[in-house]
file my_file.txt (compact mmCIF, C-alpha atoms)
# COMPACT_ATOMS: atom_id res chain seq x y z
CA MET A 183 -11.89 -32.05 -25.01
CA ALA A 184 -14.67 -32.79 -22.59
CA GLY A 185 -14.16 -32.92 -18.86
CA PRO A 186 -12.64 -30.37 -16.55
CA SER A 187 -11.28 -27.17 -17.99
CA ILE A 188 -9.44 -24.27 -16.45
CA ASP A 189 -11.65 -21.33 -15.57
CA ALA A 190 -9.06 -19.06 -14.02
CA LEU A 191 -11.12 -15.89 -13.74
CA GLY A 192 -14.44 -17.38 -12.66
CA GLN A 193 -13.39 -17.08 -9.03
CA PHE A 194 -13.53 -13.28 -9.22
CA THR A 195 -17.18 -13.00 -10.27
CA LEU A 196 -19.43 -11.14 -7.89
CA THR A 197 -22.44 -13.01 -6.59
CA PRO A 198 -25.15 -11.68 -4.30
CA GLY A 199 -24.41 -12.30 -0.65
CA LEU A 200 -26.63 -12.56 2.41
CA GLY A 201 -29.51 -14.23 0.58
CA PRO A 202 -32.52 -12.29 -0.78
CA VAL A 203 -31.69 -9.19 1.26
CA GLY A 204 -28.29 -8.93 -0.41
CA ARG A 205 -29.85 -9.49 -3.82
CA ALA A 206 -32.20 -6.59 -3.27
CA LEU A 207 -29.49 -4.27 -1.95
CA GLY A 208 -26.72 -5.26 -4.34
CA PHE A 209 -24.69 -6.63 -1.45
CA THR A 210 -22.11 -8.98 -2.97
CA ASN A 211 -19.70 -11.61 -1.75
CA SER A 212 -17.00 -8.95 -2.04
CA ASN A 213 -18.88 -6.76 0.43
CA GLU A 214 -19.29 -9.74 2.70
CA ALA A 215 -15.52 -10.20 2.77
CA MET A 216 -14.99 -6.49 3.47
CA LEU A 217 -17.48 -6.57 6.30
CA ALA A 218 -15.87 -9.73 7.66
CA SER A 219 -12.38 -8.22 7.62
CA ALA A 220 -13.57 -5.06 9.34
CA LEU A 221 -15.47 -7.05 11.98
CA ILE A 222 -12.52 -9.39 12.54
CA ILE A 223 -10.07 -6.57 13.10
CA ILE A 224 -12.46 -4.80 15.49
CA GLY A 225 -13.24 -8.05 17.28
CA LEU A 226 -9.55 -8.93 17.52
CA PHE A 227 -8.79 -5.62 19.17
CA ALA A 228 -11.78 -5.75 21.47
CA ALA A 229 -10.86 -9.27 22.60
CA GLY A 230 -7.13 -8.63 22.75
CA LEU A 231 -7.35 -5.43 24.72
CA SER A 232 -10.10 -6.49 27.13
CA ALA A 233 -7.56 -8.21 29.38
CA ARG A 234 -5.32 -5.12 29.72
CA ALA A 235 -2.66 -7.28 31.31
CA LEU A 236 0.70 -5.76 32.14
CA VAL A 237 2.27 -8.96 30.85
CA PRO A 238 0.28 -9.54 27.67
CA GLY A 239 -1.13 -12.88 26.66
CA ARG A 240 -0.98 -14.23 23.13
CA LEU A 241 -3.88 -12.27 21.70
CA GLN A 242 -2.88 -9.07 23.45
CA SER A 243 0.70 -9.45 22.20
CA LEU A 244 -0.54 -9.85 18.66
CA VAL A 245 -2.68 -6.77 18.90
CA GLU A 246 0.07 -4.71 20.52
CA MET A 247 2.63 -5.84 17.95
CA LEU A 248 0.33 -4.83 15.13
CA TYR A 249 -0.26 -1.47 16.75
CA GLU A 250 3.41 -0.78 17.40
CA PHE A 251 4.43 -1.93 13.93
CA VAL A 252 2.13 0.55 12.24
CA HIS A 253 2.93 3.25 14.77
CA ASN A 254 6.66 2.93 14.14
CA MET A 255 6.07 2.91 10.42
CA CYS A 256 4.10 6.16 10.69
CA VAL A 257 6.56 7.97 12.91
CA ASP A 258 9.66 6.76 11.07
CA THR A 259 8.35 7.60 7.62
CA ILE A 260 6.32 10.76 8.16
CA GLY A 261 8.17 12.09 11.17
CA GLU A 262 6.82 13.49 14.39
CA GLU A 263 3.61 14.61 12.65
CA GLY A 264 2.99 11.00 11.67
CA ARG A 265 1.05 10.37 14.85
CA ARG A 266 -1.84 12.44 13.55
CA PHE A 267 -2.19 10.11 10.58
CA PHE A 268 -1.79 6.91 12.54
CA PRO A 269 -5.54 6.08 12.65
CA LEU A 270 -5.83 6.40 8.88
CA VAL A 271 -2.72 4.36 8.11
CA PHE A 272 -3.66 1.71 10.62
CA THR A 273 -7.17 1.38 9.22
CA ILE A 274 -5.89 1.04 5.68
CA PHE A 275 -3.16 -1.41 6.65
CA SER A 276 -5.35 -3.70 8.72
CA PHE A 277 -8.23 -3.62 6.23
CA ILE A 278 -6.00 -4.59 3.30
CA LEU A 279 -4.04 -7.13 5.34
CA LEU A 280 -7.17 -8.89 6.54
CA GLY A 281 -8.68 -8.72 3.05
CA ASN A 282 -5.58 -10.31 1.52
CA LEU A 283 -5.35 -12.98 4.18
CA LEU A 284 -9.05 -13.86 4.12
CA GLY A 285 -8.85 -14.19 0.37
CA LEU A 286 -6.32 -16.98 0.76
CA PHE A 287 -8.87 -19.27 2.39
CA PRO A 288 -11.09 -21.51 0.29
CA TYR A 289 -14.65 -20.19 -0.16
CA PHE A 290 -13.54 -16.71 0.80
CA PHE A 291 -13.48 -13.85 -1.64
CA ALA A 292 -10.36 -11.74 -2.08
CA PHE A 293 -11.84 -8.27 -2.46
CA THR A 294 -8.40 -6.75 -3.06
CA SER A 295 -8.31 -8.64 -6.37
CA HIS A 296 -10.77 -6.15 -7.85
CA ILE A 297 -9.24 -2.99 -9.23
CA ALA A 298 -12.42 -1.09 -8.40
CA VAL A 299 -11.70 -1.66 -4.70
CA THR A 300 -7.98 -0.96 -4.78
CA LEU A 301 -8.42 2.09 -7.01
CA ALA A 302 -11.02 3.49 -4.62
CA LEU A 303 -8.59 3.03 -1.72
CA ALA A 304 -5.69 4.50 -3.69
CA LEU A 305 -7.70 7.48 -4.90
CA PHE A 306 -8.79 8.18 -1.35
CA VAL A 307 -5.16 8.14 -0.18
CA PHE A 308 -4.13 10.31 -3.12
CA LEU A 309 -6.85 12.92 -2.63
CA PHE A 310 -6.33 12.92 1.13
CA SER A 311 -2.57 13.46 0.91
CA THR A 312 -3.06 16.19 -1.69
CA GLY A 313 -5.60 17.79 0.63
CA VAL A 314 -3.15 17.58 3.52
CA GLY A 315 -0.53 19.24 1.33
CA PHE A 316 -2.75 22.18 0.48
CA TYR A 317 -4.04 22.40 4.04
CA THR A 318 -0.52 22.52 5.48
CA HIS A 319 1.18 24.76 2.92
CA GLY A 320 -1.69 26.55 1.20
CA LEU A 321 -0.96 27.33 -2.43
CA GLY A 322 2.72 26.99 -1.61
CA PHE A 323 2.21 23.25 -2.02
CA LEU A 324 2.35 23.87 -5.78
CA ARG A 325 6.08 24.46 -5.34
CA PHE A 326 6.25 20.71 -4.79
CA PHE A 327 6.08 20.39 -8.57
CA VAL A 328 9.02 22.75 -9.13
CA PRO A 329 12.25 20.84 -8.59
CA ALA A 330 14.86 22.83 -6.69
CA GLY A 331 18.21 23.83 -8.15
CA VAL A 332 17.56 23.56 -11.89
CA PRO A 333 18.01 26.33 -14.46
CA GLY A 334 14.85 28.22 -15.35
CA TRP A 335 14.74 27.22 -19.00
CA LEU A 336 14.35 23.57 -18.00
CA LEU A 337 11.25 24.22 -15.91
CA PRO A 338 8.67 24.01 -18.74
CA LEU A 339 9.98 20.51 -19.37
CA LEU A 340 10.36 19.41 -15.78
CA ILE A 341 7.07 20.63 -14.33
CA PRO A 342 4.91 18.41 -16.58
CA ILE A 343 7.17 15.49 -15.73
CA GLU A 344 6.75 16.14 -12.02
CA ILE A 345 2.99 16.49 -12.38
CA ILE A 346 2.68 13.24 -14.32
CA SER A 347 4.90 11.52 -11.80
CA TYR A 348 2.58 12.76 -9.08
CA LEU A 349 -0.57 11.75 -10.94
CA SER A 350 0.78 8.25 -11.51
CA ARG A 351 0.75 7.55 -7.77
CA PRO A 352 -2.82 6.26 -7.43
CA VAL A 353 -2.37 4.15 -10.56
CA SER A 354 0.78 2.42 -9.36
CA LEU A 355 -0.63 2.05 -5.85
CA SER A 356 -3.84 0.37 -6.98
CA VAL A 357 -2.46 -1.68 -9.86
CA ARG A 358 0.29 -3.17 -7.72
CA LEU A 359 -2.06 -4.51 -5.07
CA PHE A 360 -4.70 -5.66 -7.54
CA ALA A 361 -2.21 -7.34 -9.90
CA ASN A 362 -0.39 -9.20 -7.15
CA MET A 363 -3.55 -10.58 -5.61
CA THR A 364 -5.15 -11.48 -8.93
CA ALA A 365 -2.00 -13.14 -10.28
CA GLY A 366 -1.62 -15.30 -7.19
CA HIS A 367 -5.20 -16.53 -7.29
CA VAL A 368 -5.09 -17.16 -11.02
CA MET A 369 -1.94 -19.27 -10.65
CA TRP A 370 -3.57 -21.31 -7.93
CA GLU A 371 -6.60 -21.91 -10.11
CA VAL A 372 -4.50 -22.85 -13.13
CA PHE A 373 -2.45 -25.43 -11.25
CA ALA A 374 -5.52 -26.87 -9.56
CA GLY A 375 -7.34 -27.11 -12.87
CA PHE A 376 -4.29 -28.75 -14.39
CA MET A 377 -4.43 -31.43 -11.70
CA LEU A 378 -8.05 -32.23 -12.60
CA MET A 379 -7.23 -32.31 -16.29
CA LEU A 380 -4.32 -34.68 -15.69
CA THR A 381 -6.44 -37.14 -13.73
CA ALA A 382 -9.30 -36.93 -16.22
CA GLY A 383 -7.03 -37.37 -19.22
CA LEU A 384 -4.46 -39.92 -18.10
CA GLY A 385 -6.22 -41.88 -15.37
CA VAL A 386 -4.00 -43.37 -12.68
CA LEU A 387 -0.82 -42.20 -14.35
CA GLY A 388 -2.27 -38.70 -14.44
CA ALA A 389 -3.22 -38.84 -10.79
CA ILE A 390 0.37 -39.70 -9.93
CA ALA A 391 1.68 -36.93 -12.17
CA ALA A 392 -0.77 -34.51 -10.56
CA ILE A 393 1.38 -34.60 -7.44
CA ILE A 394 3.71 -32.12 -9.14
CA PRO A 395 1.16 -29.30 -9.57
CA LEU A 396 -0.16 -30.11 -6.11
CA GLY A 397 3.32 -29.55 -4.70
CA LEU A 398 3.61 -26.33 -6.67
CA ASN A 399 0.32 -25.15 -5.21
CA VAL A 400 1.55 -25.85 -1.70
CA ALA A 401 4.69 -23.83 -2.37
CA LEU A 402 2.55 -21.13 -3.95
CA ALA A 403 0.44 -20.96 -0.80
CA ALA A 404 3.53 -19.97 1.18
CA LEU A 405 4.44 -17.37 -1.42
CA GLU A 406 0.92 -15.98 -1.41
CA LEU A 407 1.02 -15.63 2.36
CA LEU A 408 4.19 -13.55 1.97
CA VAL A 409 2.67 -11.48 -0.83
CA ALA A 410 -0.52 -10.86 1.15
CA GLY A 411 1.41 -9.40 4.06
CA LEU A 412 3.91 -7.58 1.92
CA GLN A 413 1.36 -5.88 -0.30
CA ALA A 414 -0.52 -4.56 2.71
CA TYR A 415 2.81 -3.30 4.07
CA VAL A 416 3.80 -1.66 0.78
CA PHE A 417 0.40 0.01 0.46
CA ALA A 418 0.65 1.37 3.99
CA ILE A 419 4.24 2.54 3.69
CA LEU A 420 3.51 4.32 0.42
CA THR A 421 0.56 6.00 2.11
CA CYS A 422 3.02 7.20 4.75
CA LEU A 423 5.50 8.32 2.08
CA TYR A 424 2.86 10.36 0.26
CA LEU A 425 1.76 11.95 3.53
CA HIS A 426 5.42 12.70 4.26
CA ASP A 427 5.70 14.50 0.93
CA ALA A 428 2.50 16.41 1.68
CA VAL A 429 3.71 17.50 5.12
CA HIS A 430 7.38 18.19 4.38
CA MET A 431 7.35 18.91 0.63
CA HIS A 432 10.63 17.24 -0.21
CA MET B 140 1.17 24.68 43.02
CA SER B 141 3.59 24.00 45.85
CA GLU B 142 7.30 24.12 45.21
CA GLY B 143 8.24 21.19 47.42
CA PRO B 144 11.69 19.72 47.67
CA GLU B 145 10.64 16.93 45.32
CA LYS B 146 10.03 19.39 42.45
CA PRO B 147 13.43 18.96 40.71
CA ALA B 148 13.16 15.21 41.02
CA PHE B 149 9.69 15.36 39.51
CA GLU B 150 10.93 17.55 36.66
CA ALA B 151 13.69 15.07 35.94
CA ARG B 152 11.26 12.17 35.87
CA LEU B 153 8.88 14.15 33.64
CA GLN B 154 11.73 14.90 31.25
CA ALA B 155 12.74 11.25 31.19
CA ALA B 156 9.17 10.17 30.49
CA GLU B 157 8.82 12.71 27.68
CA ASP B 158 12.09 11.57 26.14
CA ALA B 159 10.91 7.99 26.28
CA ALA B 160 7.61 8.88 24.64
CA ARG B 161 9.35 10.67 21.79
CA PRO B 162 10.39 8.25 19.07
CA ALA B 163 14.06 7.51 19.28
CA ARG B 164 15.78 9.04 16.27
CA ARG B 165 18.19 6.21 16.02
CA GLU B 166 20.61 6.24 13.15
CA PRO B 167 19.57 3.76 10.47
CA GLY B 168 21.32 0.66 11.69
CA ARG B 169 20.61 -1.19 8.45
CA SER B 170 19.77 -4.46 10.08
CA GLU B 171 19.84 -7.58 7.93
CA ALA B 172 16.08 -8.10 8.11
CA GLY B 173 15.40 -4.41 7.49
CA SER B 174 17.43 -4.23 4.30
CA ALA B 175 15.93 -7.47 3.01
CA ARG B 176 12.45 -6.10 3.60
CA ARG B 177 13.45 -2.89 1.88
CA ALA B 178 14.81 -4.80 -1.10
CA ILE B 179 11.61 -6.81 -1.51
CA GLU B 180 9.55 -3.66 -1.14
CA LEU B 181 11.53 -1.98 -3.90
CA ALA B 182 11.31 -5.02 -6.16
CA MET B 183 7.55 -4.98 -5.77
CA ARG B 184 7.34 -1.28 -6.52
CA LEU B 185 9.71 -0.42 -9.32
CA GLY B 186 8.12 -2.20 -12.27
CA VAL B 187 4.68 -0.77 -11.64
CA GLU B 188 5.98 2.76 -10.97
CA MET B 189 7.48 2.88 -14.45
CA VAL B 190 4.36 1.65 -16.22
CA ALA B 191 1.97 3.81 -14.21
CA ALA B 192 3.64 7.07 -15.26
CA MET B 193 3.56 5.93 -18.89
CA VAL B 194 -0.14 5.04 -18.67
CA ILE B 195 -1.04 8.41 -17.17
CA ALA B 196 1.05 10.39 -19.68
CA VAL B 197 -0.26 8.57 -22.73
CA GLY B 198 -3.79 8.76 -21.32
CA ILE B 199 -3.53 12.53 -20.95
CA GLY B 200 -2.13 12.84 -24.46
CA TRP B 201 -4.88 10.67 -25.90
CA GLY B 202 -7.59 12.66 -24.09
CA LEU B 203 -6.17 16.01 -25.25
CA ASP B 204 -6.00 14.66 -28.78
CA LYS B 205 -9.69 13.79 -28.63
CA LEU B 206 -10.51 17.27 -27.38
CA LEU B 207 -8.29 19.24 -29.75
CA HIS B 208 -8.59 16.94 -32.81
CA THR B 209 -4.82 16.64 -33.11
CA THR B 210 -4.65 12.83 -33.20
CA PRO B 211 -2.07 11.40 -32.73
CA TRP B 212 0.53 14.11 -32.15
CA LEU B 213 0.02 14.96 -28.49
CA MET B 214 -0.03 11.27 -27.60
CA ILE B 215 3.31 10.79 -29.35
CA LEU B 216 4.66 13.90 -27.66
CA MET B 217 3.62 12.56 -24.27
CA VAL B 218 5.49 9.25 -24.65
CA PRO B 219 8.95 10.67 -23.86
CA VAL B 220 7.43 12.79 -21.09
CA GLY B 221 5.85 9.68 -19.58
CA LEU B 222 9.14 7.85 -19.86
CA ALA B 223 10.89 10.68 -18.05
CA ALA B 224 8.20 10.75 -15.36
CA GLY B 225 8.61 6.99 -14.92
CA LEU B 226 12.35 7.42 -14.47
CA ARG B 227 11.64 10.24 -12.02
CA ASN B 228 9.45 7.80 -10.05
CA LEU B 229 12.26 5.26 -10.00
CA MET B 230 14.78 7.87 -8.87
CA ARG B 231 12.46 8.99 -6.10
CA ALA B 232 11.79 5.42 -4.97
CA GLY B 233 15.51 4.70 -4.85
CA ALA B 234 16.47 8.00 -3.28
CA THR B 235 14.38 7.45 -0.16
CA ASP B 236 16.89 4.78 0.76
CA ASP B 237 19.56 7.03 2.23
CA ARG B 238 17.41 10.05 2.99
CA ALA B 239 14.88 9.22 5.67
CA PRO B 240 15.85 7.01 8.59
CA ARG B 241 12.95 4.71 8.02
CA GLU B 242 13.76 1.42 9.63
CA ARG B 243 14.53 1.22 13.28
CA ARG B 244 14.32 -2.40 14.16
call {"tool": "encode", "arguments": {"input": "my_file.txt", "output": "C-alpha cells"}}
result
Amino acid sequence: MAGPSIDALGQFTLTPGLGPVGRALGFTNSNEAMLASALIIIGLFAAGLSARALVPGRLQSLVEMLYEFVHNMCVDTIGEEGRRFFPLVFTIFSFILLGNLLGLFPYFFAFTSHIAVTLALALFVFLFSTGVGFYTHGLGFLRFFVPAGVPGWLLPLLIPIEIISYLSRPVSLSVRLFANMTAGHVMWEVFAGFMLMLTAGLGVLGAIAAIIPLGLNVALAALELLVAGLQAYVFAILTCLYLHDAVHMH
Amino acid sequence: MSEGPEKPAFEARLQAAEDAARPARREPGRSEAGSARRAIELAMRLGVEMVAAMVIAVGIGWGLDKLLHTTPWLMILMVPVGLAAGLRNLMRAGATDDRAPRERR
C-alpha cells in the first residue's frame, strides 16, 4: 500500500549535529541533547540560586526542592555517609531526568533511549560502587558474596548465585531505563503513524476515526511524563542502594 | 577562648543546630504517597531484575563453553543458577521494604 507507513524506529537514528563541525567531530543529535540537558540544569541552578532570597521565588523553590529531594534520598537510603555521594547521585539524577523530559518534546532527541548511553551510565555506577566497596572494606568486601548464616556445604552453590546477582545489576539498571524510554517513543510513533494511515486510506471517515489514536497519544503523553520522572528516580535510588551495599555490606 | 556566662547557652544552641542538621531518623511513617511510589518503583524493577540475572548467567555459560569447547553443557548448567540469582534479586528488592527507613515524607 502506498502512502504513509509506520517507521517506529527511525526516530532513534543518529544524525550529525551542529552542522559541518559536528559532522567532522562525530557530534550527533544525541550529544546535542546531552549538552542541552547539562546546560539547562546548570543554567537552572545558576538562575535559581542567584536571588538567594530567604523566601524563595518560583525558580528558587524548584531548585531547592530538587536539591532537597535528592539529598533526602541519599541520606535515607545510604545513611549518614550518603552526603559524600550526594554530588554523584544528584548529577546522575538530574542528567537522566532532563534527558528523559527533553526527549518528550517534538524535534528533541531522547538520548536515554539508546542502550549505549544507559549502559555507560550503569557501568559507571556499578564500577564506582564496587570501587567504593573495596576502598571502604579492602578485600573484606568479598565477604559481601558470602551470605551469612548458611551451612558451609551450601556455599559453593550460593556464592556463584550471589556473584551473578551482583553482576546483573548494570544490566537491569541500563535495560530498564532504555526499554521504558524506547517503548514510550515507539508507541507514540505507532499511534501517530496509524492516524496518517487512517486518513490516507479512508478519507473523511478515516480522519474522524483518527480521533481515537489521537486521544490515546494524548493519554500516552501523560503516562510518558510519569515514566520519565519515575525512571530517573528509580535509576538514582538504585544508585543509592548499590552505594549503601558498598558502604554497609548488608 | 573566654568562658563567659553565655557559654552554656551557646553550647545548647550549638547542640540544637547540630541536631537539626542531622537527618531526622524518623520511623517509617508509611505515608500513602510514599507507599504508592514504592509500589510503582517495585513494579518497574522486578521484571527486569529477573531477566537480567538470567542474561548474565547464560552469557557466562555460553562464553565459558566457547572457551572450553564444552557446548552446550555449561550454558545448560547456568540456567538454574541464573534463575536462582534472579529470585535472589527479587528477594533483595522486596526485602529492602521493611529494612531501611527509606521514605520520610
call {"tool": "residues_near_point", "arguments": {"input": "my_file.txt", "point": "(-19.1, -6.4, -2.7)", "cutoff": "12 Å", "atoms": "all atoms listed in the file", "output": "list in words"}}
result
Phe194, Thr195, Leu196, Thr197, Pro198, Gly199, Leu200, Gly204, Arg205, Leu207, Gly208, Phe209, Thr210, Asn211, Ser212, Asn213, Glu214, Ala215, Met216, Leu217, Ala218, Phe291, Ala292, Phe293, Thr294, Ser295, His296, Ala298 and Val299 of chain A
call {"tool": "closest_atom_pairs", "arguments": {"input": "my_file.txt", "of": "chain A", "to": "chain B", "cutoff": "8 Å", "atoms": "all atoms listed in the file", "output": "JSON lines"}}
result
{"residue": "A:Met255", "atom": "CA", "partner": "B:Arg241", "partner_atom": "CA", "distance": 7.5}
{"residue": "A:Val257", "atom": "CA", "partner": "B:Pro162", "partner_atom": "CA", "distance": 7.3}
{"residue": "A:Asp258", "atom": "CA", "partner": "B:Arg241", "partner_atom": "CA", "distance": 4.9}
{"residue": "A:Thr259", "atom": "CA", "partner": "B:Arg241", "partner_atom": "CA", "distance": 5.4}
{"residue": "A:Glu262", "atom": "CA", "partner": "B:Pro162", "partner_atom": "CA", "distance": 7.9}
{"residue": "A:Pro342", "atom": "CA", "partner": "B:Val220", "partner_atom": "CA", "distance": 7.6}
{"residue": "A:Ile343", "atom": "CA", "partner": "B:Ala224", "partner_atom": "CA", "distance": 4.9}
{"residue": "A:Glu344", "atom": "CA", "partner": "B:Ala224", "partner_atom": "CA", "distance": 6.5}
{"residue": "A:Ile346", "atom": "CA", "partner": "B:Ala224", "partner_atom": "CA", "distance": 6.1}
{"residue": "A:Ser347", "atom": "CA", "partner": "B:Ala224", "partner_atom": "CA", "distance": 4.9}
{"residue": "A:Leu349", "atom": "CA", "partner": "B:Ile195", "partner_atom": "CA", "distance": 7.1}
{"residue": "A:Ser350", "atom": "CA", "partner": "B:Ala192", "partner_atom": "CA", "distance": 4.9}
{"residue": "A:Arg351", "atom": "CA", "partner": "B:Ala191", "partner_atom": "CA", "distance": 7.5}
{"residue": "A:Val353", "atom": "CA", "partner": "B:Ala191", "partner_atom": "CA", "distance": 5.7}
{"residue": "A:Ser354", "atom": "CA", "partner": "B:Ala191", "partner_atom": "CA", "distance": 5.2}
{"residue": "A:Val357", "atom": "CA", "partner": "B:Val187", "partner_atom": "CA", "distance": 7.4}
{"residue": "A:Arg358", "atom": "CA", "partner": "B:Val187", "partner_atom": "CA", "distance": 6.4}
{"residue": "A:Leu412", "atom": "CA", "partner": "B:Glu180", "partner_atom": "CA", "distance": 7.5}
{"residue": "A:Val416", "atom": "CA", "partner": "B:Glu180", "partner_atom": "CA", "distance": 6.4}
call {"tool": "residues_around", "arguments": {"input": "my_file.txt", "residues": "Phe251 in chain A", "least_positions_apart": "4", "cutoff": "12 Å", "atoms": "only C-alpha atoms", "output": "ChimeraX atom specification"}}
result
/A:243-247,255-258,268,271-272,275-276,415,418-419 /B:242-244
call {"tool": "residues_around", "arguments": {"input": "my_file.txt", "residues": "Trp201 in chain B", "least_positions_apart": "3", "cutoff": "9 Å", "atoms": "only C-alpha atoms", "output": "ChimeraX atom specification"}}
result
/B:196-198,204-206,210-215,217
call {"tool": "atom_distance", "arguments": {"input": "my_file.txt", "atom1": "CA of Thr318 in chain A", "atom2": "CA of Leu339 in chain A"}}
result
27.1 Å
call {"tool": "atom_distance", "arguments": {"input": "my_file.txt", "atom1": "CA of Leu380 in chain A", "atom2": "CA of Ala392 in chain A"}}
result
6.2 Å
call {"tool": "atom_distance", "arguments": {"input": "my_file.txt", "atom1": "CA of Val252 in chain A", "atom2": "CA of Ala428 in chain A"}}
result
19.1 Å
call {"tool": "residues_around", "arguments": {"input": "my_file.txt", "residues": "His430 in chain A", "least_positions_apart": "6", "cutoff": "10 Å", "atoms": "all atoms listed in the file", "output": "number ranges by chain"}}
result
A: 260-261, 263, 315, 318-319, 323, 326, 424
call {"tool": "closest_residue", "arguments": {"input": "my_file.txt", "among": "A:Ile341, A:Gly411, A:Phe373, A:Leu402", "to": "Ser187 in chain A", "atoms": "all atoms listed in the file"}}
result
A:Phe373
call {"tool": "closest_residue", "arguments": {"input": "my_file.txt", "among": "A:Ala382, A:Leu355, A:Leu280, A:Val372", "to": "Ala304 in chain A", "atoms": "only C-alpha atoms"}}
result
A:Leu355
call {"tool": "closest_residue", "arguments": {"input": "my_file.txt", "among": "A:Gly331, A:Pro352, A:Gly322, A:Gly388", "to": "Ala302 in chain A", "atoms": "all atoms listed in the file"}}
result
A:Pro352
call {"tool": "closest_residue", "arguments": {"input": "my_file.txt", "among": "A:Leu279, A:Ile223, A:Leu248, A:Ile297", "to": "Leu408 in chain A", "atoms": "all atoms listed in the file"}}
result
A:Leu279
